[in-house]
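A.B. asks: The structure follows.
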Amino acid sequence: MGLMLSPGDDDATSPDVSWSYTGFNMFREWLAQVEGFTLAEMHGFGGNRKWNSVSTTLAPLLDHPDDEGSLAPAQCAGMLPRLEAITDQQQHENWDPVLEQRIDDVRQLLTVMKYCLEKEVELIFC
């Protein structure tokens, strides 16, 4: 069993991205690290640090329940530039299979988010 992020358009052919719950947690931990903080220090992830103490446009994704709810198209639009920058920035690092997987995950997520914007639908966590 795992987690899937998909457009809220009820179209089975729409793009989606999925992880195991552990895999999604590892993905978010990596994104937080790229953004300069540790996810485990954050409120809701075992720590006491408040989300308003970090400056990242990725907060709606990082501080979101794993298996319920959604992100509005405007939230997706706000995250796209940073996610694109991360893929561009990380591509120039030394080759590492784990890093390659993270970059691929970001690319898949970008595809789904762009689709959501194009269709003006929410990104659903299920």
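Ordering of the structure tokens sets the chain letters (A, B, ...); residue numbers start at 1 within each chain; ligands are numbered from 1 in the order shown.
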Within 12 Å of stretch 18-25 of chain A, counting only C-alpha atoms, which residues qualify if same-chain residues fewer than 2 places away don't, as number ranges by chain?

C.D. replies: A: 1-6, 15-16, 27-32, 39-40, 45, 61-67, 98, 101-102, 104-106, 108-109, 112, 124-126

A.B. asks: From a DSSP calculation on the backbone, collect every residue of stretch 12-124 of chain A in strand (DSSP E) and output the set as a PyMOL selection string.

C.D. replies: chain A and resi 17-20+70-71+123-124

A.B. asks: Based on the selection just made, write N, CA and C atoms of those residues as a PDB file, in the first residue's frame.

C.D. replies:
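Printed below is again-v5.pdb as written:
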```pdb
ATOM      1  N   VAL A  17       1.819  10.293  -9.693  1.00  0.00           N
ATOM      2  CA  VAL A  17       3.100   9.895  -9.111  1.00  0.00           C
ATOM      3  C   VAL A  17       2.790   9.178  -7.807  1.00  0.00           C
ATOM      4  N   SER A  18       3.521   8.097  -7.546  1.00  0.00           N
ATOM      5  CA  SER A  18       3.224   7.343  -6.338  1.00  0.00           C
ATOM      6  C   SER A  18       4.509   6.890  -5.657  1.00  0.00           C
ATOM      7  N   TRP A  19       4.371   6.682  -4.349  1.00  0.00           N
ATOM      8  CA  TRP A  19       5.453   6.222  -3.493  1.00  0.00           C
ATOM      9  C   TRP A  19       4.866   5.276  -2.468  1.00  0.00           C
ATOM     10  N   SER A  20       5.722   4.507  -1.826  1.00  0.00           N
ATOM     11  CA  SER A  20       5.333   3.879  -0.573  1.00  0.00           C
ATOM     12  C   SER A  20       5.307   5.022   0.443  1.00  0.00           C
ATOM     13  N   SER A  70      -5.793  17.751  -0.467  1.00  0.00           N
ATOM     14  CA  SER A  70      -5.374  18.151  -1.800  1.00  0.00           C
ATOM     15  C   SER A  70      -4.602  19.459  -1.737  1.00  0.00           C
ATOM     16  N   LEU A  71      -3.997  19.781  -2.851  1.00  0.00           N
ATOM     17  CA  LEU A  71      -3.355  21.079  -3.042  1.00  0.00           C
ATOM     18  C   LEU A  71      -4.083  21.781  -4.181  1.00  0.00           C
ATOM     19  N   LEU A 123      -4.595  18.865  -6.908  1.00  0.00           N
ATOM     20  CA  LEU A 123      -3.702  17.727  -6.793  1.00  0.00           C
ATOM     21  C   LEU A 123      -4.164  16.949  -5.565  1.00  0.00           C
ATOM     22  N   ILE A 124      -4.627  15.727  -5.780  1.00  0.00           N
ATOM     23  CA  ILE A 124      -5.236  14.923  -4.727  1.00  0.00           C
ATOM     24  C   ILE A 124      -4.215  13.960  -4.122  1.00  0.00           C
TER      25      ILE A 124
END
```

A.B. asks: As an exercise, work out the distance from atom CA of A:Met26 to atom CA of A:Gly8 in Å and give it to one decimal place.

C.D. replies: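 Answer for the atom CA of A:Met26 to atom CA of A:Gly8 separation: 24.6 Å.
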
A.B. asks: Excluding A:Thr57 and its own-chain neighbours fewer than 6 positions away, which residues fall within 8 Å of it when counting only C-alpha atoms? Please give them as a list in words.

C.D. replies: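 Once the adjacent positions are removed, what remains is Gly78, Met79 and Arg82 of chain A.
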
A.B. asks: Kindly save the residues from that selection, with C-alpha atoms included, as a compact mmCIF listing (two decimals), in the first residue's frame.

C.D. replies:
```
# COMPACT_ATOMS: atom_id res chain seq x y z
CA GLY A 78 3.65 28.51 -6.41
CA MET A 79 5.86 25.43 -6.03
CA ARG A 82 11.38 25.93 -6.99
```

A.B. asks: Using DSSP assignments from the backbone, pull out every residue in stretch 37-111 of chain A that falls under alpha helix (DSSP H) and give it to me as number ranges by chain.

C.D. replies: A: 59-62, 73-90, 97-111

A.B. asks: Could you check how far atom CA of A:Ile86 sits from atom CA of A:Glu122, in Å to one decimal?

C.D. replies: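 Those two atoms sit 22.6 Å apart.
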
A.B. asks: Between A:Leu99, A:Leu80, A:Ala72, A:Gln33, which one has atoms that come closest to A:Lys119, using only C-alpha atoms?

C.D. replies: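 Smallest distance to A:Lys119 is found for A:Ala72.
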
A.B. asks: Please indicate the distance in Å from atom CA of A:Pro81 to atom CA of A:Asp10, rounded to one decimal place.

C.D. replies: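 Rounded to one decimal, the two atoms are 26.4 Å apart.
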